[in-house]
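What follows is work24.cif (mmCIF, C-alpha atoms and all ligand atoms).
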data_query
loop_
_atom_site.label_atom_id
_atom_site.label_comp_id
_atom_site.auth_asym_id
_atom_site.auth_seq_id
_atom_site.Cartn_x
_atom_site.Cartn_y
_atom_site.Cartn_z
CA MET Q 16 141.79 140.08 1.00
CA ALA Q 17 139.85 143.04 -0.34
CA LYS Q 18 140.55 146.52 -1.59
CA ILE Q 19 139.13 148.75 1.16
CA VAL Q 20 140.83 152.14 0.79
CA ASN Q 21 140.89 154.16 -2.44
CA SER Q 22 139.95 157.79 -3.07
CA TRP Q 23 141.60 160.37 -5.32
CA ASN Q 24 139.13 163.22 -5.27
CA ASP Q 25 135.84 164.45 -3.81
CA TRP Q 26 133.46 163.48 -6.64
CA ASP Q 27 134.06 159.92 -7.87
CA PRO Q 28 131.31 157.43 -6.84
CA LEU Q 29 131.41 157.09 -3.05
CA LYS Q 30 131.24 153.53 -1.70
CA HIS Q 31 132.65 153.64 1.83
CA VAL Q 32 132.85 156.56 4.26
CA ILE Q 33 133.55 157.41 7.89
CA VAL Q 34 130.88 159.54 9.62
CA GLY Q 35 131.84 161.30 12.88
CA LEU Q 36 130.20 161.02 16.31
CA CYS Q 37 129.38 163.81 18.78
CA ASP Q 38 129.71 161.76 22.01
CA ASN Q 39 131.65 163.47 24.84
CA SER Q 40 132.38 166.53 22.68
CA VAL Q 41 133.97 169.48 24.41
CA ILE Q 42 134.19 173.19 23.68
CA PRO Q 43 137.94 173.42 24.22
CA PRO Q 44 139.58 176.02 26.45
CA GLU Q 45 141.49 178.84 24.80
CA GLU Q 46 144.98 178.04 23.65
CA PRO Q 47 147.43 179.89 21.39
CA ALA Q 48 145.93 178.48 18.17
CA THR Q 49 142.25 178.83 18.98
CA SER Q 50 141.89 182.08 20.84
CA GLU Q 51 142.51 183.62 17.45
CA LYS Q 52 139.68 181.83 15.72
CA VAL Q 53 136.62 182.25 17.91
CA PRO Q 54 134.97 185.34 16.42
CA VAL Q 55 134.98 188.30 18.84
CA ASP Q 56 131.22 188.55 18.83
CA SER Q 57 130.69 184.81 19.36
CA GLU Q 58 128.79 183.74 22.45
CA MET Q 59 131.40 180.96 22.74
CA ARG Q 60 134.23 183.32 23.64
CA GLY Q 61 135.58 182.47 27.09
CA MET Q 62 133.28 179.48 27.47
CA TRP Q 63 134.49 175.90 27.60
CA GLY Q 64 133.64 172.44 28.90
CA LEU Q 65 131.53 169.44 27.92
CA ARG Q 66 128.87 170.37 25.40
CA PRO Q 67 125.31 170.14 26.76
CA LEU Q 68 124.00 166.59 26.44
CA ARG Q 69 120.86 167.72 24.62
CA THR Q 70 123.02 169.21 21.86
CA VAL Q 71 125.06 165.99 21.64
CA GLU Q 72 121.83 164.03 21.20
CA VAL Q 73 120.58 166.37 18.48
CA GLY Q 74 123.98 166.30 16.73
CA ASN Q 75 124.10 162.51 16.74
CA ALA Q 76 120.52 162.29 15.46
CA CYS Q 77 121.53 164.55 12.55
CA LEU Q 78 124.53 162.37 11.78
CA GLU Q 79 122.16 159.36 11.78
CA ASN Q 80 120.15 161.16 9.07
CA LEU Q 81 123.31 161.30 6.99
CA VAL Q 82 124.20 157.66 7.69
CA LYS Q 83 120.74 156.57 6.61
CA ALA Q 84 120.81 158.68 3.43
CA VAL Q 85 124.13 157.25 2.25
CA GLU Q 86 123.41 153.67 3.33
CA GLU Q 87 120.20 153.76 1.31
CA ARG Q 88 122.42 154.49 -1.68
CA GLY Q 89 124.68 151.54 -1.04
CA VAL Q 90 127.50 153.34 0.78
CA VAL Q 91 129.18 151.44 3.65
CA VAL Q 92 129.51 153.58 6.81
CA ASP Q 93 132.04 153.26 9.63
CA ARG Q 94 132.05 155.24 12.88
CA PRO Q 95 134.95 156.30 15.11
CA THR Q 96 135.42 155.24 18.74
CA PRO Q 97 135.01 158.40 20.84
CA LEU Q 98 137.40 159.03 23.74
CA GLN Q 99 136.53 160.82 26.97
CA TRP Q 100 137.36 164.14 25.36
CA ASN Q 101 137.20 166.19 28.57
CA GLN Q 102 140.45 164.65 29.86
CA ALA Q 103 143.47 166.89 30.27
CA ILE Q 104 146.44 166.00 28.06
CA GLY Q 105 150.15 166.62 28.11
CA THR Q 106 153.27 166.00 26.03
CA PRO Q 107 156.88 166.97 26.82
CA ASP Q 108 156.08 170.32 25.15
CA PHE Q 109 152.63 171.42 26.32
CA ARG Q 110 149.67 170.74 28.52
CA ASN Q 111 146.04 171.36 27.66
CA ASP Q 112 142.96 171.16 29.87
CA SER Q 113 140.95 169.06 27.41
CA MET Q 114 140.64 167.50 23.98
CA MET Q 115 137.70 168.26 21.63
CA THR Q 116 135.65 165.72 19.65
CA CYS Q 117 135.63 163.18 16.82
CA MET Q 118 132.87 164.83 14.90
CA PRO Q 119 134.65 166.36 11.94
CA PRO Q 120 136.74 163.40 10.70
CA ARG Q 121 137.55 165.45 7.58
CA ASP Q 122 139.92 167.64 9.63
CA ILE Q 123 141.95 164.63 10.80
CA LEU Q 124 142.04 162.02 8.02
CA LEU Q 125 143.48 162.65 4.57
CA THR Q 126 142.84 159.93 1.99
CA VAL Q 127 145.14 159.91 -1.05
CA GLY Q 128 144.61 156.81 -3.15
CA PRO Q 129 145.36 153.74 -0.98
CA GLU Q 130 146.70 155.87 1.88
CA ILE Q 131 144.99 157.42 4.88
CA MET Q 132 147.19 159.87 6.73
CA ALA Q 133 146.44 161.39 10.14
CA SER Q 134 147.02 165.14 10.14
CA ALA Q 135 149.35 167.49 12.01
CA ASN Q 136 146.76 169.85 13.48
CA SER Q 137 147.81 173.15 15.01
CA PHE Q 138 145.27 173.00 17.86
CA ARG Q 139 146.70 171.38 20.98
CA CYS Q 140 143.21 170.13 21.91
CA ARG Q 141 143.21 168.03 18.72
CA TYR Q 142 146.60 166.40 19.29
CA PHE Q 143 145.18 162.99 20.22
CA GLU Q 144 141.97 163.06 18.16
CA TYR Q 145 143.41 160.55 15.69
CA LEU Q 146 143.11 157.85 18.36
CA ALA Q 147 139.34 157.71 17.76
CA TYR Q 148 140.06 156.43 14.24
CA TRP Q 149 142.82 153.96 15.10
CA PRO Q 150 140.48 150.95 15.55
CA LEU Q 151 139.18 151.55 12.00
CA MET Q 152 142.69 152.02 10.63
CA MET Q 153 143.77 148.71 12.16
CA LYS Q 154 140.73 147.00 10.64
CA TYR Q 155 141.50 148.39 7.17
CA PHE Q 156 145.12 147.37 7.67
CA GLU Q 157 144.12 143.79 8.37
CA GLU Q 158 141.61 143.57 5.52
CA ASP Q 159 143.36 145.48 2.73
CA PRO Q 160 146.92 144.43 1.89
CA ASP Q 161 147.47 147.63 -0.09
CA PHE Q 162 146.25 150.05 2.59
CA ILE Q 163 148.97 152.51 3.58
CA TRP Q 164 148.47 153.73 7.13
CA THR Q 165 150.37 156.93 7.84
CA GLN Q 166 150.85 159.51 10.52
CA ALA Q 167 152.24 162.89 9.43
CA PRO Q 168 155.21 164.24 11.42
CA ARG Q 169 153.80 165.21 14.80
CA PRO Q 170 154.16 168.92 15.49
CA ARG Q 171 155.59 169.92 18.86
CA LEU Q 172 153.15 172.83 19.31
CA THR Q 173 155.38 174.73 21.69
CA ASP Q 174 154.77 178.44 22.08
CA ARG Q 175 157.11 178.96 19.12
CA SER Q 176 154.45 177.51 16.79
CA TYR Q 177 152.20 180.54 17.29
CA LYS Q 178 152.42 184.30 17.00
CA HIS Q 179 151.67 185.84 20.35
CA ASN Q 180 149.29 188.73 20.74
CA TYR Q 181 148.15 187.98 17.19
CA TYR Q 182 144.66 188.31 18.46
CA ASP Q 183 143.66 191.69 19.80
CA GLU Q 184 140.12 192.39 20.98
CA LYS Q 185 140.24 195.80 19.33
CA ILE Q 186 141.13 194.69 15.83
CA THR Q 187 138.48 195.62 13.29
CA LEU Q 188 137.15 193.31 10.62
CA GLU Q 189 138.94 195.43 8.00
CA GLU Q 190 142.27 195.02 9.80
CA ARG Q 191 141.69 191.30 10.05
CA LEU Q 192 141.03 191.11 6.30
CA VAL Q 193 144.28 192.98 5.63
CA ARG Q 194 146.11 190.34 7.68
CA THR Q 195 144.43 187.56 5.76
CA ALA Q 196 145.33 189.19 2.44
CA ASN Q 197 148.95 189.48 3.63
CA LYS Q 198 148.90 185.80 4.65
CA ASP Q 199 149.64 186.84 8.21
CA PHE Q 200 148.20 184.00 10.30
CA VAL Q 201 148.46 182.88 13.92
CA THR Q 202 150.67 179.91 13.10
CA THR Q 203 154.41 180.39 12.50
CA GLU Q 204 156.59 178.34 10.15
CA VAL Q 205 158.75 176.52 12.70
CA GLU Q 206 157.26 173.10 11.74
CA PRO Q 207 154.62 171.69 9.35
CA MET Q 208 151.07 172.11 10.69
CA TRP Q 209 147.92 171.25 8.73
CA ASP Q 210 144.29 170.22 8.99
CA ALA Q 211 143.20 167.64 6.42
CA ALA Q 212 140.15 169.79 5.54
CA ASP Q 213 142.50 172.43 4.13
CA LEU Q 214 143.41 170.06 1.27
CA MET Q 215 141.38 169.70 -1.90
CA ARG Q 216 142.33 166.48 -3.68
CA MET Q 217 142.06 166.42 -7.48
CA GLY Q 218 143.95 163.37 -8.72
CA LYS Q 219 147.48 164.43 -9.70
CA ASP Q 220 146.93 167.88 -8.19
CA ILE Q 221 146.39 168.78 -4.56
CA PHE Q 222 145.33 172.33 -3.67
CA ILE Q 223 146.02 173.45 -0.12
CA GLN Q 224 144.55 176.50 1.59
CA HIS Q 225 147.08 178.66 3.43
CA GLY Q 226 145.26 179.97 6.49
CA LEU Q 227 144.93 179.84 10.25
CA THR Q 228 145.22 176.03 10.47
CA THR Q 229 147.67 175.16 7.68
CA ASN Q 230 151.04 176.77 7.08
CA ARG Q 231 153.43 177.07 4.17
CA THR Q 232 155.93 174.63 5.70
CA ALA Q 233 153.24 171.95 5.53
CA MET Q 234 152.88 172.54 1.78
CA ASP Q 235 156.62 172.19 1.30
CA TRP Q 236 156.46 168.97 3.33
CA PHE Q 237 153.65 167.63 1.11
CA GLN Q 238 155.52 168.42 -2.10
CA ARG Q 239 158.51 166.42 -0.86
CA TYR Q 240 156.35 163.58 0.49
CA TYR Q 241 154.36 163.34 -2.77
CA PRO Q 242 156.98 164.10 -5.46
CA ASP Q 243 154.68 162.76 -8.21
CA TYR Q 244 151.79 165.10 -7.36
CA ARG Q 245 151.62 168.82 -7.97
CA ILE Q 246 151.05 170.68 -4.71
CA HIS Q 247 149.36 174.07 -5.06
CA ALA Q 248 148.97 176.83 -2.47
CA VAL Q 249 145.75 178.83 -2.60
CA ASN Q 250 144.39 181.51 -0.28
CA PHE Q 251 141.17 183.43 0.00
CA PRO Q 252 141.64 187.04 1.15
CA GLY Q 253 137.91 187.66 1.71
CA ASP Q 254 137.78 185.28 4.67
CA PRO Q 255 138.55 186.88 8.06
CA TYR Q 256 138.96 183.41 9.66
CA PRO Q 257 140.36 181.14 6.94
CA ILE Q 258 139.97 177.63 8.30
CA HIS Q 259 139.38 174.73 5.89
CA ILE Q 260 138.81 174.95 2.17
CA ASP Q 261 135.48 173.09 2.15
CA ALA Q 262 133.17 176.05 2.81
CA THR Q 263 135.08 178.19 0.31
CA PHE Q 264 136.15 176.27 -2.80
CA VAL Q 265 134.24 173.05 -3.45
CA PRO Q 266 134.49 170.83 -6.54
CA LEU Q 267 131.26 169.14 -7.68
CA ARG Q 268 132.55 167.18 -10.69
CA PRO Q 269 135.43 167.40 -13.17
CA GLY Q 270 135.32 170.93 -14.61
CA LEU Q 271 133.06 172.52 -12.00
CA ILE Q 272 133.83 174.27 -8.70
CA ILE Q 273 131.58 176.42 -6.52
CA ASN Q 274 133.42 179.32 -4.87
CA ASN Q 275 132.22 181.32 -1.88
CA PRO Q 276 131.33 184.76 -3.38
CA VAL Q 277 132.77 186.67 -0.42
CA ARG Q 278 135.97 184.63 -0.59
CA PRO Q 279 136.81 184.59 -4.32
CA LEU Q 280 139.97 182.89 -5.54
CA PRO Q 281 142.38 185.74 -6.43
CA GLU Q 282 142.79 186.39 -10.17
CA GLU Q 283 146.47 185.46 -10.22
CA GLN Q 284 145.63 181.98 -8.92
CA ARG Q 285 143.07 181.23 -11.65
CA PRO Q 286 145.09 180.48 -14.82
CA ILE Q 287 145.59 176.78 -13.97
CA PHE Q 288 141.81 176.36 -13.75
CA GLU Q 289 141.03 178.48 -16.82
CA ALA Q 290 143.61 176.71 -19.00
CA ASN Q 291 142.00 173.37 -18.20
CA ASP Q 292 138.34 174.33 -18.70
CA TRP Q 293 137.44 174.35 -15.04
CA GLN Q 294 134.46 176.62 -14.45
CA ILE Q 295 134.42 178.47 -11.12
CA VAL Q 296 130.88 179.58 -10.26
CA GLU Q 297 129.71 181.61 -7.27
CA ALA Q 298 128.00 179.51 -4.62
CA ALA Q 299 124.40 180.39 -3.72
CA GLN Q 300 123.71 182.62 -0.71
CA PRO Q 301 123.25 180.77 2.59
CA ALA Q 302 119.63 180.41 3.72
CA HIS Q 303 120.53 181.54 7.26
CA ASP Q 304 121.83 184.88 8.57
CA THR Q 305 123.56 183.37 11.58
CA PRO Q 306 125.11 180.02 12.50
CA PRO Q 307 123.20 177.83 14.98
CA GLU Q 308 123.83 177.97 18.75
CA PHE Q 309 127.36 177.11 20.01
CA CYS Q 310 128.70 176.94 16.43
CA TYR Q 311 131.98 178.60 15.48
CA SER Q 312 131.77 177.91 11.75
CA SER Q 313 130.24 180.50 9.43
CA VAL Q 314 126.87 180.43 7.63
CA TRP Q 315 128.80 179.22 4.58
CA LEU Q 316 128.50 175.63 5.75
CA SER Q 317 125.63 175.99 3.25
CA MET Q 318 128.11 174.96 0.51
CA ASN Q 319 129.82 172.22 2.55
CA CYS Q 320 128.15 169.45 0.56
CA LEU Q 321 128.97 165.76 0.14
CA VAL Q 322 129.24 164.67 -3.48
CA LEU Q 323 128.16 161.04 -3.94
CA ASP Q 324 129.03 160.87 -7.64
CA PRO Q 325 129.45 163.44 -10.44
CA LYS Q 326 125.67 163.76 -10.76
CA THR Q 327 124.54 163.42 -7.13
CA VAL Q 328 125.19 165.58 -4.09
CA ILE Q 329 123.89 165.75 -0.53
CA VAL Q 330 123.00 169.28 0.61
CA GLU Q 331 121.77 170.38 4.05
CA ALA Q 332 117.96 170.32 3.97
CA SER Q 333 117.35 173.91 5.14
CA GLU Q 334 119.76 175.35 2.55
CA VAL Q 335 117.09 176.04 -0.03
CA ASN Q 336 119.24 178.34 -2.19
CA GLU Q 337 122.04 175.82 -2.45
CA LEU Q 338 119.56 173.03 -3.25
CA GLU Q 339 118.13 175.16 -6.06
CA GLN Q 340 121.58 176.01 -7.39
CA MET Q 341 122.57 172.33 -7.50
CA ASP Q 342 119.52 171.63 -9.60
CA LYS Q 343 120.47 174.42 -12.01
CA LEU Q 344 124.01 173.04 -12.23
CA GLY Q 345 122.60 169.69 -13.31
CA MET Q 346 123.21 167.90 -10.01
CA ASN Q 347 120.62 165.69 -8.40
CA ALA Q 348 120.54 167.18 -4.88
CA ILE Q 349 119.48 165.06 -1.91
CA PRO Q 350 118.45 167.10 1.16
CA VAL Q 351 119.61 165.82 4.57
CA ASP Q 352 118.78 167.55 7.86
CA LEU Q 353 122.19 168.12 9.47
CA ARG Q 354 122.07 171.65 10.87
CA GLY Q 355 121.90 170.37 14.45
CA ALA Q 356 125.40 168.89 14.01
CA TYR Q 357 127.05 172.09 12.71
CA ALA Q 358 128.13 173.19 16.18
CA PHE Q 359 130.41 170.17 16.50
CA GLY Q 360 132.63 171.40 13.74
CA GLY Q 361 130.99 171.45 10.37
CA GLY Q 362 128.60 170.38 7.66
CA LEU Q 363 128.17 167.37 5.41
CA HIS Q 364 131.70 167.29 4.00
CA CYS Q 365 133.35 167.97 7.37
CA SER Q 366 131.27 165.22 9.02
CA THR Q 367 132.79 162.57 6.79
CA ALA Q 368 136.12 161.15 5.65
CA ASP Q 369 136.56 159.17 2.45
CA VAL Q 370 137.47 155.49 2.59
CA TYR Q 371 136.56 154.33 -0.90
CA ARG Q 372 135.53 156.06 -4.09
CA GLU Q 373 135.62 154.30 -7.43
CA GLY Q 374 138.10 155.63 -9.94
CA GLU Q 375 141.80 156.19 -10.28
CA CYS Q 376 144.37 158.95 -10.15
CA LEU Q 377 143.81 161.15 -13.22
CA ASP Q 378 145.36 164.37 -14.44
CA TYR Q 379 142.60 167.00 -14.53
CA PHE Q 380 145.09 169.78 -15.38
CA PRO Q 381 147.01 168.49 -18.39
CA ASN Q 382 147.44 171.95 -19.94
CA ARG Q 383 150.43 173.49 -18.23
CA VAL Q 384 150.50 177.27 -17.95
CA PRO Q 385 152.50 179.62 -15.74
CA ASP Q 386 150.94 178.80 -12.38
CA ALA Q 387 151.42 181.09 -9.38
CA THR Q 388 149.99 178.46 -7.03
CA LEU Q 389 152.72 175.83 -7.45
CA VAL Q 390 154.63 175.35 -4.22
CA ARG Q 391 157.82 174.19 -5.98
CA PRO Q 392 157.47 175.47 -9.58
CA GLU Q 393 160.98 174.35 -10.49
CA MET Q 394 159.84 170.71 -10.19
CA TRP Q 395 157.27 171.15 -12.96
CA ASN Q 396 159.14 173.06 -15.65
CA ASP Q 397 158.60 170.92 -18.72
O1 LIG Y 401 133.24 179.08 6.80
O2 LIG Y 401 133.44 178.76 8.92
C1 LIG Y 401 134.03 176.04 8.09
C2 LIG Y 401 134.73 174.82 7.58
C3 LIG Y 401 134.67 173.73 8.57
N1 LIG Y 401 135.38 172.55 8.09
C4 LIG Y 401 133.70 178.46 7.76
C5 LIG Y 401 134.57 177.27 7.48
#

What is this file in structure tokens?
Amino acid sequence: MAKIVNSWNDWDPLKHVIVGLCDNSVIPPEEPATSEKVPVDSEMRGMWGLRPLRTVEVGNACLENLVKAVEERGVVVDRPTPLQWNQAIGTPDFRNDSMMTCMPPRDILLTVGPEIMASANSFRCRYFEYLAYWPLMMKYFEEDPDFIWTQAPRPRLTDRSYKHNYYDEKITLEERLVRTANKDFVTTEVEPMWDAADLMRMGKDIFIQHGLTTNRTAMDWFQRYYPDYRIHAVNFPGDPYPIHIDATFVPLRPGLIINNPVRPLPEEQRPIFEANDWQIVEAAQPAHDTPPEFCYSSVWLSMNCLVLDPKTVIVEASEVNELEQMDKLGMNAIPVDLRGAYAFGGGLHCSTADVYREGECLDYFPNRVPDATLVRPEMWND
């Protein structure tokens, strides 16, 4: 019996990873959670159905580039088993005309040490996405006696889980930013809802972005589920569509984070980083002015990199500014052409989910200071 699953952060040496697949991917129909997130000026507004086959082929070819790049460096790669995502689904609480994809595994699978947990996504179209990973989970379960296979409490996703009329065609960007700053998001607090890509794992500390896809109740749930870890809530008021932390606040190695310059971490949330010698530097400007066709992520996928070890990082090949910045920061940057996969839900980090990184659970924040980000501060008063 072998040790298959182990990962405590995003930078320890990567040995085993899941890379998504674009097969049968669908642009999902509007639903309460998603009508709020497709930017008003996006060509994807009001459009749904199977993605054009040519784009699926290009996306998969890009993912093959990534598979090849990591395999050449000794990383074992697993792939999900896609479902026929254009099927309609139903539960006792809702019906939806289709599912979505299994391309960004990072949104679905959360690895914490020997545990992989399937998420509690707020999008109805993603309710059954975890099934694409179940064959792999069963394999890890058979091979690794210490693997902990978990499913977070399943949200009901009734209409009560969303604010209605949250989205209004006439709302200006400024008004949207005011909402974000006030932490006024489409999801309500009637149950825990979260995407795994909203969590940044740092050993004993887990930082969670409060935004459109992850609510405060989820953070409270995490603090009770992981009583030995410190759960922190962060938010980024400069982002009009805050979804996932990995194009906003990205650790490269112990002590170094790149932060999206238009989505800076608010001052009052910085002391925990400053007291522990974590440097927060502005990420380089994206090389592109617009996202590629049929893509609902922002141009900031430029910083959505995959760290292979504290000295080595994979960066998208066309992101020349980010490649140059990595070099300046002392990282050996490997370019991989992945832009053709962006439309399926993200960049290099999104496209993957950790199975095994060397290393153990360390405390990267040993200096305790008053910390406005703690979800349950009373648990950590020394
Ligand atoms: O900037 O659009 C994309 C993150 C996808 N996991 C953005 C966030």

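Ranking Q:Tyr256, Q:Tyr379, Q:Phe162, Q:Trp100 by their shortest atom-to-atom distance to ligand LIG 401 (chain Y), with all atoms listed in the file included, puts Q:Tyr256 first.
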
| task | Compile the contact shell of Leu78 of chain Q as number ranges by chain: residues with an atom at most 8 Å away, counting all atoms listed in the file, same-chain residues fewer than 6 positions apart removed. | result | Q: 34-36, 353, 356, 366

| field | atom CA of Gly345 of chain Q to atom CA of His364 of chain Q, straight-line distance in Å | value | 19.7 Å

| said: Taking 2 positions as the minimum chain separation for residues in the same chain, which residues sit within 12 Å of Met118 of chain Q when counting all atoms listed in the file? Answer as a count of residues only. | reply: 45

| field | Within 10 Å of Thr173 of chain Q using all atoms listed in the file, minus same-chain residues under 6 positions, as a ChimeraX atom specification | value | /Q:47,106-110,139,205

Mind running chain Q against ligand LIG 401 (chain Y) at 6 Å and telling me each contacting residue's nearest atom pair with the distance in Å (one decimal), counting all atoms listed in the file, chain and number ascending, as CSV?
residue,atom,partner,partner_atom,distance
Q:Ile258,CA,Y:LIG401,C5,5.5
Q:His259,CA,Y:LIG401,C2,4.9
Q:Asp261,CA,Y:LIG401,C2,5.7
Q:Ala262,CA,Y:LIG401,O1,5.0
Q:Ser312,CA,Y:LIG401,O2,3.4
Q:Ser313,CA,Y:LIG401,O2,3.7
Q:Trp315,CA,Y:LIG401,O1,5.0
Q:Leu316,CA,Y:LIG401,O1,6.0
Q:Gly361,CA,Y:LIG401,C3,4.7
Q:Cys365,CA,Y:LIG401,N1,5.1

Dump as a PDB file, in the frame of the given file, selection limited to C-alpha atoms:
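Written output follows (again-v7.pdb):
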ATOM      1  CA  ILE Q 258     139.970 177.630   8.300  1.00  0.00           C
ATOM      2  CA  HIS Q 259     139.380 174.730   5.890  1.00  0.00           C
ATOM      3  CA  ASP Q 261     135.480 173.090   2.150  1.00  0.00           C
ATOM      4  CA  ALA Q 262     133.170 176.050   2.810  1.00  0.00           C
ATOM      5  CA  SER Q 312     131.770 177.910  11.750  1.00  0.00           C
ATOM      6  CA  SER Q 313     130.240 180.500   9.430  1.00  0.00           C
ATOM      7  CA  TRP Q 315     128.800 179.220   4.580  1.00  0.00           C
ATOM      8  CA  LEU Q 316     128.500 175.630   5.750  1.00  0.00           C
ATOM      9  CA  GLY Q 361     130.990 171.450  10.370  1.00  0.00           C
ATOM     10  CA  CYS Q 365     133.350 167.970   7.370  1.00  0.00           C
TER      11      CYS Q 365
END

| field | Selected residue, from Q:Ser137, Q:Trp395, Q:Glu190, Q:Tyr182, that lies nearest to Leu227 of chain Q when counting all atoms listed in the file | value | Q:Ser137

| task | Mind giving me the straight-line distance from atom CA of Leu172 of chain Q to atom CA of Trp209 of chain Q in Å, one decimal? | result | 11.9 Å

| request: Dump as an MDAnalysis selection string all residues having an atom at most 9 Å from (132.1, 170.4, -5.5), computed in the file's coordinates with only C-alpha atoms. | output: chainID Q and resid 25:26 261 264:269 271:273 318:322 325 328

| query | Which neighbours of Ala233 of chain Q fall inside 8 Å, counting all atoms listed in the file, when residues of the same chain fewer than 2 positions from it are skipped, and could you give them as a ChimeraX atom specification? | reply | /Q:206-209,229-231,235-237

| Atomic separation - atom CA of Pro252 of chain Q relative to atom CA of Pro276 of chain Q, Å |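 It comes out at 11.5 Å.
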
Enclosing box along x, y and z for every listed atom of segment 294-302 of chain Q, padded 3 Å each side, centre and size in Å, one decimal, as AutoDock Vina command-line options:
--center_x 127.0 --center_y 179.6 --center_z -5.4 --size_x 20.8 --size_y 12.0 --size_z 24.2

| Point (120.7, 180.4, 10.5) neighbourhood (12 Å, all atoms listed in the file) written as JSON, numbers by chain | {"Q": [300, 301, 302, 303, 304, 305, 306, 307, 308, 310, 312, 313, 314, 315, 316, 317, 331, 333, 334, 335, 354, 355, 357, 358]}

| query | Which of these, Q:His225, Q:Arg171, Q:Arg239, Q:Lys30, has the shortest distance to Phe251 of chain Q once you count only C-alpha atoms? | reply |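 For Phe251 of chain Q, the nearest of the given residues is Q:His225.
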
| remark: For Pro119 of chain Q, the closest of Q:Ala211, Q:Ser50, Q:Asn396, Q:Asn24 counting all atoms listed in the file is Q:Ala211

| request: For Asn291 of chain Q, work out the shell of residues within 9 Å, counting all atoms listed in the file and skipping chain neighbours fewer than 6 positions away, then give it as number ranges by chain. | output: Q: 270, 379-383

For the residues in that selection, give me C-alpha atoms as a CSV table (one decimal), in the frame of the given file.
chain,number,residue,atom,x,y,z
Q,270,GLY,CA,135.3,170.9,-14.6
Q,379,TYR,CA,142.6,167.0,-14.5
Q,380,PHE,CA,145.1,169.8,-15.4
Q,381,PRO,CA,147.0,168.5,-18.4
Q,382,ASN,CA,147.4,172.0,-19.9
Q,383,ARG,CA,150.4,173.5,-18.2
